[in-house]
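Novice: Provided below: start27.cif, containing mmCIF, C-alpha atoms and all ligand atoms.
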data_upload
loop_
_atom_site.label_atom_id
_atom_site.label_comp_id
_atom_site.auth_asym_id
_atom_site.auth_seq_id
_atom_site.Cartn_x
_atom_site.Cartn_y
_atom_site.Cartn_z
CA MET A 1 -21.59 57.48 113.89
CA ILE A 2 -23.92 60.26 115.01
CA ASP A 3 -25.53 58.91 118.14
CA LEU A 4 -28.98 60.34 118.89
CA ARG A 5 -30.08 57.38 121.00
CA SER A 6 -29.51 59.19 124.29
CA ASP A 7 -27.45 61.91 125.94
CA THR A 8 -25.95 59.09 128.04
CA PHE A 9 -23.72 58.12 125.08
CA THR A 10 -21.41 61.12 125.51
CA LYS A 11 -17.75 60.33 126.16
CA PRO A 12 -15.48 62.44 128.39
CA SER A 13 -13.64 65.15 126.45
CA PRO A 14 -9.81 65.36 126.66
CA GLU A 15 -10.19 68.33 129.06
CA MET A 16 -12.55 66.35 131.30
CA LEU A 17 -10.15 63.38 131.30
CA GLU A 18 -7.33 65.74 132.27
CA ALA A 19 -9.39 67.05 135.20
CA MET A 20 -10.07 63.44 136.28
CA ARG A 21 -6.39 62.49 136.05
CA HIS A 22 -5.39 65.31 138.40
CA ALA A 23 -8.07 64.67 141.04
CA GLN A 24 -7.10 64.51 144.73
CA VAL A 25 -8.68 61.34 146.10
CA GLY A 26 -9.24 59.44 149.34
CA ASP A 27 -11.65 56.78 150.64
CA ASP A 28 -15.10 58.28 150.21
CA VAL A 29 -16.78 55.64 152.40
CA PHE A 30 -14.67 57.15 155.20
CA GLY A 31 -15.65 60.65 153.99
CA GLU A 32 -12.02 61.31 153.04
CA ASP A 33 -12.25 61.98 149.31
CA SER A 34 -11.78 65.73 149.05
CA THR A 35 -12.94 65.89 145.41
CA VAL A 36 -16.21 64.09 146.22
CA ASN A 37 -16.64 66.35 149.25
CA LEU A 38 -16.11 69.40 147.04
CA LEU A 39 -18.61 68.19 144.39
CA GLU A 40 -21.20 67.52 147.11
CA SER A 41 -20.75 70.86 148.84
CA MET A 42 -20.67 72.95 145.65
CA THR A 43 -23.82 71.31 144.29
CA ALA A 44 -25.70 71.65 147.58
CA LYS A 45 -24.72 75.33 147.66
CA MET A 46 -25.77 75.85 144.05
CA PHE A 47 -29.31 74.65 144.91
CA GLY A 48 -29.39 76.32 148.32
CA MET A 49 -29.77 72.92 149.99
CA GLU A 50 -27.96 71.76 153.12
CA ALA A 51 -26.19 68.65 151.85
CA ALA A 52 -25.58 66.31 148.92
CA LEU A 53 -24.60 62.69 148.29
CA PHE A 54 -22.65 61.46 145.25
CA CYS A 55 -23.97 58.17 143.85
CA PRO A 56 -23.19 55.95 140.86
CA SER A 57 -26.52 56.51 139.05
CA GLY A 58 -29.77 58.46 138.94
CA THR A 59 -31.67 55.27 139.58
CA MET A 60 -29.79 54.97 142.87
CA THR A 61 -30.36 58.59 143.94
CA ASN A 62 -34.10 58.28 143.17
CA GLN A 63 -34.40 54.94 144.93
CA ILE A 64 -32.48 56.12 148.00
CA ALA A 65 -34.71 59.20 148.20
CA ILE A 66 -37.87 57.07 148.01
CA LYS A 67 -36.51 54.71 150.68
CA CYS A 68 -35.69 57.65 152.98
CA HIS A 69 -39.12 59.25 152.60
CA THR A 70 -41.31 56.13 153.02
CA ASN A 71 -42.07 52.95 155.00
CA PRO A 72 -43.16 49.60 153.49
CA GLY A 73 -46.84 49.41 152.54
CA GLU A 74 -47.18 53.07 151.71
CA GLU A 75 -48.12 54.76 148.44
CA ILE A 76 -46.27 57.21 146.19
CA ILE A 77 -48.00 59.59 143.79
CA CYS A 78 -46.32 60.15 140.40
CA ASP A 79 -47.09 60.44 136.71
CA LYS A 80 -47.75 57.09 135.02
CA MET A 81 -44.79 57.63 132.67
CA SER A 82 -42.32 58.49 135.47
CA HIS A 83 -38.83 57.03 135.28
CA VAL A 84 -39.08 56.03 138.97
CA TYR A 85 -42.14 53.94 138.11
CA ILE A 86 -41.55 52.48 134.64
CA TYR A 87 -37.76 52.44 134.17
CA GLU A 88 -36.21 51.51 137.52
CA GLY A 89 -36.88 47.78 137.44
CA GLY A 90 -39.68 47.81 139.99
CA GLY A 91 -37.28 49.40 142.48
CA ILE A 92 -40.05 51.11 144.44
CA ALA A 93 -41.46 47.69 145.38
CA PHE A 94 -38.05 45.99 145.59
CA ASN A 95 -36.23 48.55 147.73
CA SER A 96 -38.98 50.32 149.63
CA GLY A 97 -41.92 47.87 149.66
CA CYS A 98 -44.20 50.65 148.47
CA GLN A 99 -46.76 50.90 145.70
CA VAL A 100 -47.49 53.63 143.21
CA LYS A 101 -50.61 55.68 142.50
CA ALA A 102 -49.78 56.40 138.86
CA ILE A 103 -51.68 59.37 137.50
CA GLU A 104 -52.25 60.54 133.94
CA GLY A 105 -50.41 63.80 133.46
CA SER A 106 -49.95 65.93 130.39
CA ARG A 107 -46.64 65.16 128.64
CA GLY A 108 -45.32 63.66 131.86
CA LYS A 109 -46.36 66.61 134.03
CA ILE A 110 -48.96 66.39 136.80
CA LYS A 111 -50.98 69.14 138.50
CA ALA A 112 -51.57 70.01 142.14
CA GLU A 113 -55.33 69.24 141.88
CA GLN A 114 -54.56 65.74 140.56
CA ILE A 115 -52.22 65.12 143.47
CA ILE A 116 -54.83 66.28 146.00
CA GLU A 117 -57.52 64.04 144.42
CA ASN A 118 -55.21 61.04 144.68
CA ILE A 119 -54.18 61.33 148.33
CA ASN A 120 -55.76 58.38 150.13
CA PRO A 121 -58.12 59.09 153.03
CA ILE A 122 -57.04 57.91 156.49
CA ASP A 123 -58.63 54.45 156.48
CA ILE A 124 -57.07 51.14 157.56
CA HIS A 125 -58.03 49.64 154.18
CA ARG A 126 -56.02 52.18 152.26
CA PRO A 127 -52.24 52.49 151.92
CA THR A 128 -51.03 55.73 153.45
CA THR A 129 -49.92 58.26 150.84
CA THR A 130 -46.46 59.43 151.92
CA LEU A 131 -44.60 60.88 148.95
CA VAL A 132 -45.07 62.83 145.75
CA SER A 133 -42.43 62.43 143.03
CA ILE A 134 -42.23 64.54 139.91
CA GLU A 135 -39.86 64.60 136.93
CA ASN A 136 -38.34 67.71 135.26
CA THR A 137 -37.59 67.58 132.36
CA ALA A 138 -40.13 64.81 131.81
CA ASN A 139 -38.42 62.14 129.71
CA ARG A 140 -41.50 60.49 128.17
CA GLY A 141 -43.07 63.91 127.81
CA GLY A 142 -40.39 64.62 125.18
CA GLY A 143 -38.17 66.65 127.50
CA SER A 144 -41.04 68.88 128.65
CA CYS A 145 -40.52 71.38 131.48
CA TYR A 146 -42.74 72.44 134.37
CA ASP A 147 -43.77 76.07 134.85
CA LEU A 148 -42.59 77.42 138.19
CA GLU A 149 -46.16 78.43 139.18
CA ASP A 150 -47.31 74.81 138.79
CA LEU A 151 -44.42 73.59 140.94
CA ILE A 152 -45.26 76.13 143.64
CA GLU A 153 -48.91 74.94 143.62
CA ILE A 154 -47.68 71.35 143.98
CA LYS A 155 -45.40 72.42 146.84
CA ASN A 156 -48.29 74.17 148.63
CA ALA A 157 -50.51 71.09 148.23
CA CYS A 158 -47.74 68.92 149.67
CA ILE A 159 -47.20 71.24 152.65
CA LYS A 160 -50.95 71.31 153.34
CA HIS A 161 -51.13 67.49 153.29
CA GLN A 162 -47.74 67.00 155.00
CA LEU A 163 -46.27 65.08 152.07
CA PRO A 164 -42.58 65.29 151.17
CA LEU A 165 -41.88 66.23 147.56
CA HIS A 166 -39.11 64.59 145.51
CA LEU A 167 -37.75 65.77 142.15
CA ASP A 168 -36.25 63.39 139.62
CA GLY A 169 -34.09 66.01 137.94
CA ALA A 170 -32.02 63.72 135.71
CA ARG A 171 -32.20 66.54 133.14
CA LEU A 172 -32.99 69.39 135.52
CA TRP A 173 -30.20 71.56 134.08
CA ASN A 174 -31.85 71.34 130.66
CA ALA A 175 -35.08 72.65 132.22
CA ILE A 176 -33.22 75.39 134.12
CA VAL A 177 -31.48 76.61 130.95
CA TYR A 178 -34.64 76.39 128.81
CA LYS A 179 -36.97 78.12 131.30
CA LYS A 180 -34.31 80.53 132.62
CA HIS A 181 -35.00 79.31 136.14
CA THR A 182 -32.34 79.13 138.86
CA PRO A 183 -31.21 76.09 140.87
CA ILE A 184 -32.07 77.99 144.08
CA GLN A 185 -35.74 78.17 143.01
CA PHE A 186 -35.78 74.36 142.89
CA GLY A 187 -33.98 74.02 146.21
CA GLU A 188 -36.74 76.12 147.81
CA ILE A 189 -39.54 73.91 146.47
CA PHE A 190 -38.32 70.33 146.93
CA ASP A 191 -37.45 68.21 149.98
CA SER A 192 -35.10 66.11 147.85
CA ILE A 193 -33.65 66.49 144.37
CA SER A 194 -31.78 64.01 142.19
CA VAL A 195 -29.59 65.44 139.42
CA CYS A 196 -27.52 63.48 136.87
CA LEU A 197 -24.03 64.36 135.67
CA SER A 198 -24.02 61.56 133.09
CA LYS A 199 -26.77 62.89 130.80
CA GLY A 200 -26.47 66.21 128.97
CA LEU A 201 -23.60 67.34 131.19
CA GLY A 202 -21.34 64.74 129.62
CA ALA A 203 -19.72 63.10 132.67
CA PRO A 204 -19.16 59.34 132.38
CA VAL A 205 -20.74 58.39 135.72
CA GLY A 206 -22.60 59.94 138.59
CA SER A 207 -25.65 61.56 140.13
CA LEU A 208 -26.23 63.65 143.23
CA LEU A 209 -29.01 63.51 145.78
CA LEU A 210 -29.70 66.81 147.53
CA GLY A 211 -31.62 67.48 150.75
CA LYS A 212 -31.40 68.45 154.39
CA THR A 213 -28.36 67.31 156.44
CA THR A 214 -30.38 64.74 158.44
CA PHE A 215 -31.94 63.39 155.23
CA ILE A 216 -28.53 63.02 153.55
CA GLN A 217 -27.11 61.27 156.65
CA LYS A 218 -29.88 58.69 156.34
CA ALA A 219 -29.33 58.53 152.55
CA ARG A 220 -25.59 57.85 153.09
CA ARG A 221 -26.47 54.80 155.19
CA ILE A 222 -28.88 53.52 152.54
CA ARG A 223 -26.31 54.11 149.79
CA LYS A 224 -23.98 51.77 151.72
CA VAL A 225 -26.74 49.14 152.10
CA MET A 226 -27.38 49.28 148.34
CA GLY A 227 -23.69 48.77 147.62
CA GLY A 228 -23.19 52.29 146.33
CA GLY A 229 -20.36 53.35 148.66
CA MET A 230 -17.37 53.93 146.37
CA ARG A 231 -13.74 54.37 147.43
CA GLN A 232 -11.51 56.73 145.38
CA ALA A 233 -14.58 58.14 143.68
CA GLY A 234 -12.90 61.53 143.36
CA TYR A 235 -11.77 60.61 139.84
CA LEU A 236 -15.46 60.46 138.89
CA ALA A 237 -16.40 63.47 140.99
CA ALA A 238 -13.71 65.49 139.16
CA ALA A 239 -15.52 64.77 135.89
CA GLY A 240 -18.72 66.00 137.55
CA ILE A 241 -17.10 69.23 138.75
CA TYR A 242 -15.71 69.81 135.27
CA ALA A 243 -19.17 69.18 133.79
CA ILE A 244 -20.90 71.60 136.16
CA GLU A 245 -18.33 74.30 135.53
CA ASN A 246 -18.21 73.95 131.74
CA ASN A 247 -21.20 72.14 130.29
CA ILE A 248 -24.36 73.75 131.66
CA GLU A 249 -24.72 76.92 129.57
CA ARG A 250 -23.97 75.07 126.35
CA LEU A 251 -27.12 72.95 126.83
CA SER A 252 -28.94 75.70 124.90
CA ASP A 253 -26.98 74.55 121.79
CA ASP A 254 -28.47 71.07 122.20
CA HIS A 255 -31.93 72.62 122.50
CA LYS A 256 -31.37 74.67 119.33
CA HIS A 257 -30.16 71.55 117.48
CA ALA A 258 -33.23 69.57 118.60
CA LYS A 259 -35.52 72.33 117.24
CA MET A 260 -33.69 72.30 113.88
CA VAL A 261 -34.13 68.53 113.58
CA GLY A 262 -37.81 68.91 114.55
CA ILE A 263 -38.38 71.49 111.80
CA ALA A 264 -36.80 69.16 109.20
CA LEU A 265 -38.97 66.25 110.38
CA GLN A 266 -42.13 68.39 110.27
CA LYS A 267 -41.75 68.82 106.50
CA LYS A 268 -42.02 65.08 105.84
CA ASP A 269 -45.48 63.67 105.16
CA PHE A 270 -44.62 60.33 106.81
CA ILE A 271 -43.96 62.04 110.14
CA SER A 272 -46.67 63.30 112.51
CA ASN A 273 -47.36 64.17 116.14
CA ILE A 274 -43.95 65.56 116.98
CA LEU A 275 -44.13 66.34 120.69
CA PRO A 276 -43.43 70.04 121.32
CA ILE A 277 -39.64 70.43 121.42
CA GLU A 278 -38.54 72.34 124.50
CA THR A 279 -35.15 70.87 125.40
CA ASN A 280 -32.93 68.18 123.86
CA MET A 281 -35.48 65.51 122.91
CA ILE A 282 -37.46 64.85 119.79
CA ILE A 283 -40.26 62.26 119.99
CA PHE A 284 -42.39 61.68 116.88
CA GLU A 285 -44.63 59.21 115.06
CA VAL A 286 -43.81 57.54 111.76
CA SER A 287 -46.42 56.22 109.30
CA GLY A 288 -46.95 55.71 105.55
CA LYS A 289 -43.78 54.72 103.73
CA TYR A 290 -41.83 53.97 106.92
CA THR A 291 -42.36 52.18 110.23
CA ALA A 292 -40.41 53.37 113.27
CA SER A 293 -37.89 50.57 112.79
CA SER A 294 -37.51 51.00 108.99
CA PHE A 295 -36.95 54.78 109.40
CA ALA A 296 -34.37 54.01 112.12
CA ASP A 297 -32.72 51.57 109.65
CA TYR A 298 -32.70 54.23 106.92
CA LEU A 299 -30.92 56.64 109.27
CA LYS A 300 -28.53 53.94 110.44
CA GLY A 301 -27.55 53.45 106.78
CA HIS A 302 -26.33 57.07 106.98
CA GLN A 303 -24.46 56.56 110.29
CA ILE A 304 -27.24 58.15 112.38
CA LEU A 305 -28.52 56.21 115.37
CA CYS A 306 -31.89 56.76 117.08
CA ILE A 307 -34.26 54.65 119.17
CA PRO A 308 -37.71 53.37 118.18
CA ILE A 309 -39.62 53.64 121.50
CA SER A 310 -42.78 51.92 120.19
CA ALA A 311 -44.01 50.39 116.89
CA ASN A 312 -44.62 53.87 115.46
CA GLN A 313 -42.61 56.24 117.68
CA ILE A 314 -38.97 57.30 117.54
CA ARG A 315 -36.92 59.24 120.05
CA MET A 316 -33.86 61.33 119.24
CA VAL A 317 -31.73 63.14 121.83
CA THR A 318 -29.17 65.87 121.12
CA HIS A 319 -26.10 66.30 123.33
CA LEU A 320 -22.57 67.68 123.47
CA ASP A 321 -21.12 65.03 121.17
CA VAL A 322 -23.56 66.05 118.39
CA THR A 323 -21.84 68.99 116.68
CA GLY A 324 -23.31 71.63 114.35
CA ASP A 325 -21.79 69.82 111.35
CA MET A 326 -23.42 66.59 112.44
CA VAL A 327 -26.77 68.38 112.70
CA ASP A 328 -26.35 69.60 109.10
CA LYS A 329 -25.80 66.00 108.04
CA ILE A 330 -28.91 64.86 109.96
CA LEU A 331 -31.02 67.57 108.31
CA HIS A 332 -29.74 66.53 104.89
CA CYS A 333 -30.59 62.85 105.48
CA ILE A 334 -34.08 63.72 106.68
CA ASP A 335 -34.61 65.87 103.55
CA LEU A 336 -33.65 62.93 101.32
CA ALA A 337 -35.83 60.36 103.13
C1 LIG B 401 -31.61 58.63 133.03
C2 LIG B 401 -32.69 58.96 133.97
C3 LIG B 401 -32.59 58.62 135.33
C4 LIG B 401 -31.42 57.90 135.93
O1 LIG B 401 -30.86 56.97 135.15
P1 LIG B 401 -29.46 56.23 135.47
O2 LIG B 401 -29.19 55.62 134.14
O3 LIG B 401 -29.75 55.25 136.53
O4 LIG B 401 -28.45 57.25 135.86
C5 LIG B 401 -33.62 59.00 136.15
N1 LIG B 401 -34.68 59.67 135.69
C6 LIG B 401 -34.80 60.04 134.41
C7 LIG B 401 -35.98 60.83 133.98
C8 LIG B 401 -33.81 59.68 133.49
O5 LIG B 401 -33.94 60.04 132.21
#
Take the structure in the file and write it out as structure tokens.
Ligand SMILES: *Cc1c(COP(=O)(O)O)cnc(C)c1O
Specialist:
Amino acid sequence: MIDLRSDTFTKPSPEMLEAMRHAQVGDDVFGEDSTVNLLESMTAKMFGMEAALFCPSGTMTNQIAIKCHTNPGEEIICDKMSHVYIYEGGGIAFNSGCQVKAIEGSRGKIKAEQIIENINPIDIHRPTTTLVSIENTANRGGGSCYDLEDLIEIKNACIKHQLPLHLDGARLWNAIVYKKHTPIQFGEIFDSISVCLSKGLGAPVGSLLLGKTTFIQKARRIRKVMGGGMRQAGYLAAAGIYAIENNIERLSDDHKHAKMVGIALQKKDFISNILPIETNMIIFEVSGKYTASSFADYLKGHQILCIPISANQIRMVTHLDVTGDMVDKILHCIDLA
């Protein structure tokens, strides 16, 4: 099977498993797992941030960040297609007792002016706006990436209005590789950053939350409350260290593969509105001889899996378990459709 459903379907390579098997471990709830400590310190350093916290998932790092930045009854500004808003099970309400001011961005990206317009005035009738959260790459934007100038404008707006700024960077390394940005540039802009090891980087489990030392101390307490304190987590952290050391630069191969698939799709008259392909995602509309589900069935008949994300839209994601030969096969099947 060629699995284009998500970059979460990657399995650890033999080399990654070997690194996991040799990990030094301890009880991380007691702060004694040296491999987790190393992963946290190396990632914080990479982004020029003070500290980091290893968590089981990106949902948990996002939700912990939101909890740390807010109090119940407050309001968070984000794009209406944000993962934190639409794909985390109502966690903002459940964990933090906050509500969302969801704004209409462009391919999942919002602008500084929109944020400023949506900050509530000081008025006892209105929830206090206390956080801005953005996503890079933007998942429902088809893996779109922010320009650095736009992020700096957002940062300046947040400083002016004294609002902390969180980044859901589940696929931040894809954006960094595509835009030729550096992690340090992101560390300078954001108060907190969540990055995932289990997406394009190919680790089986794990995300990191980055921020100031005092923020991460508070986050560590909330991680425990949420049941996310793990014991000999160094086996998982070792996979993360391996992923960071070996699987970042190669993300450009995934981006190249996604473009090739996009070009093949473009030639078909039953396919339209392919979102611009920047990183490892391809989102497109199907009409005419196929519906989204019948085109997905056609591909499945050729051992290619993808996900219909609405009645007429399909998403495909390239990743490190999709090889060049597999891409050739995908292109061939699209040609024959
Ligand atoms: C995958 C993802 C997350 C985190 O998901 P988990 O499955 O909880 O690790 C967060 N934000 C975005 C944009 C994602 O794609």
Novice: Could you give me the residues within 6 Å of ligand LIG 401 (chain B), counting all atoms listed in the file, as a list in words?
Specialist: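 My answer, listing the contacting residues, is Ser57, Gly58, Thr59, His83, Asn139, Asp168 and Ala170 of chain A.
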Novice: Got a sec to check which residues sit within 12 Å of (-26.8, 74.6, 145.9), counting all atoms listed in the file, and write them as JSON, numbers by chain?
Specialist: {"A": [38, 39, 40, 41, 42, 43, 44, 45, 46, 47, 48, 49, 50, 51, 52, 182, 183, 184, 185, 186, 187, 188, 193, 195, 208, 209, 210, 211, 212, 244]}
Novice: Using only C-alpha atoms, which of A:Ser6, A:Ser106, A:Gln63, A:Ser133 sits nearest Arg223 (chain A)?
Specialist: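 Selected residue with least distance to Arg223 (chain A): A:Gln63.
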Novice: So that I can check the surroundings of region 149-152 of chain A, please list as a ChimeraX atom specification every protein, DNA and RNA residue that reaches within 12 Å of it, counting only C-alpha atoms and ignoring chain neighbours fewer than 4 positions away.
Specialist: /A:109-115,132-136,145,156-159,165-167,181,185-190
Novice: What separation in Å, quoted to one decimal, exists between CA of Glu278 (chain A) and CA of Ser82 (chain A)?
Specialist: 18.1 Å
Novice: From the structure block, carefully write region 139-165 of chain A out with N, CA, C and O atoms; format it as an mmCIF file, in the first residue's frame.
Specialist:
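Written out: result.cif:
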data_model
loop_
_atom_site.group_PDB
_atom_site.id
_atom_site.type_symbol
_atom_site.label_atom_id
_atom_site.label_comp_id
_atom_site.auth_asym_id
_atom_site.auth_seq_id
_atom_site.Cartn_x
_atom_site.Cartn_y
_atom_site.Cartn_z
ATOM 1 N N ASN A 139 -2.650 23.456 7.885
ATOM 2 C CA ASN A 139 -3.123 22.147 7.423
ATOM 3 C C ASN A 139 -4.249 22.310 6.394
ATOM 4 O O ASN A 139 -4.124 21.899 5.239
ATOM 5 N N ARG A 140 -5.359 22.954 6.790
ATOM 6 C CA ARG A 140 -6.490 23.083 5.874
ATOM 7 C C ARG A 140 -6.236 24.119 4.782
ATOM 8 O O ARG A 140 -7.038 24.276 3.872
ATOM 9 N N GLY A 141 -5.128 24.814 4.876
ATOM 10 C CA GLY A 141 -4.717 25.691 3.777
ATOM 11 C C GLY A 141 -3.921 24.920 2.741
ATOM 12 O O GLY A 141 -3.337 25.515 1.831
ATOM 13 N N GLY A 142 -3.837 23.596 2.884
ATOM 14 C CA GLY A 142 -3.086 22.774 1.932
ATOM 15 C C GLY A 142 -1.592 22.830 2.185
ATOM 16 O O GLY A 142 -0.793 22.746 1.261
ATOM 17 N N GLY A 143 -1.210 22.978 3.455
ATOM 18 C CA GLY A 143 0.227 23.016 3.781
ATOM 19 C C GLY A 143 0.861 24.344 3.428
ATOM 20 O O GLY A 143 2.056 24.417 3.119
ATOM 21 N N SER A 144 0.067 25.419 3.478
ATOM 22 C CA SER A 144 0.567 26.761 3.123
ATOM 23 C C SER A 144 1.467 27.312 4.229
ATOM 24 O O SER A 144 1.327 26.949 5.398
ATOM 25 N N CYS A 145 2.376 28.212 3.834
ATOM 26 C CA CYS A 145 3.366 28.757 4.768
ATOM 27 C C CYS A 145 3.247 30.275 4.869
ATOM 28 O O CYS A 145 3.042 30.950 3.863
ATOM 29 N N TYR A 146 3.436 30.785 6.060
ATOM 30 C CA TYR A 146 3.453 32.240 6.279
ATOM 31 C C TYR A 146 4.750 32.837 5.734
ATOM 32 O O TYR A 146 5.815 32.212 5.806
ATOM 33 N N ASP A 147 4.645 34.093 5.259
ATOM 34 C CA ASP A 147 5.848 34.897 4.990
ATOM 35 C C ASP A 147 6.324 35.461 6.314
ATOM 36 O O ASP A 147 5.501 35.819 7.169
ATOM 37 N N LEU A 148 7.642 35.593 6.448
ATOM 38 C CA LEU A 148 8.196 36.089 7.712
ATOM 39 C C LEU A 148 7.715 37.514 8.027
ATOM 40 O O LEU A 148 7.424 37.838 9.177
ATOM 41 N N GLU A 149 7.579 38.344 6.991
ATOM 42 C CA GLU A 149 7.137 39.744 7.209
ATOM 43 C C GLU A 149 5.752 39.759 7.855
ATOM 44 O O GLU A 149 5.475 40.583 8.727
ATOM 45 N N ASP A 150 4.864 38.850 7.405
ATOM 46 C CA ASP A 150 3.511 38.806 7.966
ATOM 47 C C ASP A 150 3.548 38.367 9.430
ATOM 48 O O ASP A 150 2.796 38.877 10.265
ATOM 49 N N LEU A 151 4.457 37.445 9.739
ATOM 50 C CA LEU A 151 4.573 36.986 11.133
ATOM 51 C C LEU A 151 5.103 38.118 12.017
ATOM 52 O O LEU A 151 4.660 38.283 13.156
ATOM 53 N N ILE A 152 6.046 38.893 11.482
ATOM 54 C CA ILE A 152 6.604 39.995 12.272
ATOM 55 C C ILE A 152 5.528 41.054 12.524
ATOM 56 O O ILE A 152 5.415 41.588 13.626
ATOM 57 N N GLU A 153 4.676 41.305 11.513
ATOM 58 C CA GLU A 153 3.559 42.252 11.720
ATOM 59 C C GLU A 153 2.599 41.738 12.792
ATOM 60 O O GLU A 153 2.115 42.503 13.619
ATOM 61 N N ILE A 154 2.346 40.430 12.763
ATOM 62 C CA ILE A 154 1.462 39.832 13.781
ATOM 63 C C ILE A 154 2.109 39.983 15.166
ATOM 64 O O ILE A 154 1.458 40.379 16.138
ATOM 65 N N LYS A 155 3.396 39.703 15.226
ATOM 66 C CA LYS A 155 4.129 39.829 16.500
ATOM 67 C C LYS A 155 4.020 41.264 17.038
ATOM 68 O O LYS A 155 3.737 41.472 18.221
ATOM 69 N N ASN A 156 4.246 42.251 16.141
ATOM 70 C CA ASN A 156 4.185 43.653 16.581
ATOM 71 C C ASN A 156 2.792 44.020 17.076
ATOM 72 O O ASN A 156 2.649 44.728 18.078
ATOM 73 N N ALA A 157 1.756 43.528 16.392
ATOM 74 C CA ALA A 157 0.377 43.791 16.830
ATOM 75 C C ALA A 157 0.156 43.168 18.212
ATOM 76 O O ALA A 157 -0.472 43.784 19.090
ATOM 77 N N CYS A 158 0.676 41.987 18.426
ATOM 78 C CA CYS A 158 0.489 41.306 19.715
ATOM 79 C C CYS A 158 1.242 42.037 20.829
ATOM 80 O O CYS A 158 0.723 42.163 21.943
ATOM 81 N N ILE A 159 2.429 42.528 20.540
ATOM 82 C CA ILE A 159 3.187 43.276 21.559
ATOM 83 C C ILE A 159 2.409 44.538 21.927
ATOM 84 O O ILE A 159 2.199 44.839 23.098
ATOM 85 N N LYS A 160 1.932 45.250 20.890
ATOM 86 C CA LYS A 160 1.210 46.502 21.116
ATOM 87 C C LYS A 160 -0.027 46.273 21.992
ATOM 88 O O LYS A 160 -0.345 47.092 22.849
ATOM 89 N N HIS A 161 -0.711 45.153 21.774
ATOM 90 C CA HIS A 161 -1.954 44.889 22.516
ATOM 91 C C HIS A 161 -1.725 43.927 23.685
ATOM 92 O O HIS A 161 -2.698 43.415 24.258
ATOM 93 N N GLN A 162 -0.474 43.677 24.012
ATOM 94 C CA GLN A 162 -0.095 42.808 25.139
ATOM 95 C C GLN A 162 -0.769 41.439 25.083
ATOM 96 O O GLN A 162 -1.337 40.963 26.071
ATOM 97 N N LEU A 163 -0.727 40.826 23.898
ATOM 98 C CA LEU A 163 -1.304 39.495 23.733
ATOM 99 C C LEU A 163 -0.191 38.490 23.471
ATOM 100 O O LEU A 163 0.640 38.700 22.586
ATOM 101 N N PRO A 164 -0.155 37.377 24.219
ATOM 102 C CA PRO A 164 0.820 36.342 23.874
ATOM 103 C C PRO A 164 0.470 35.706 22.526
ATOM 104 O O PRO A 164 -0.697 35.687 22.109
ATOM 105 N N LEU A 165 1.495 35.179 21.860
ATOM 106 C CA LEU A 165 1.333 34.624 20.523
ATOM 107 C C LEU A 165 1.830 33.176 20.511
ATOM 108 O O LEU A 165 2.994 32.906 20.830
#
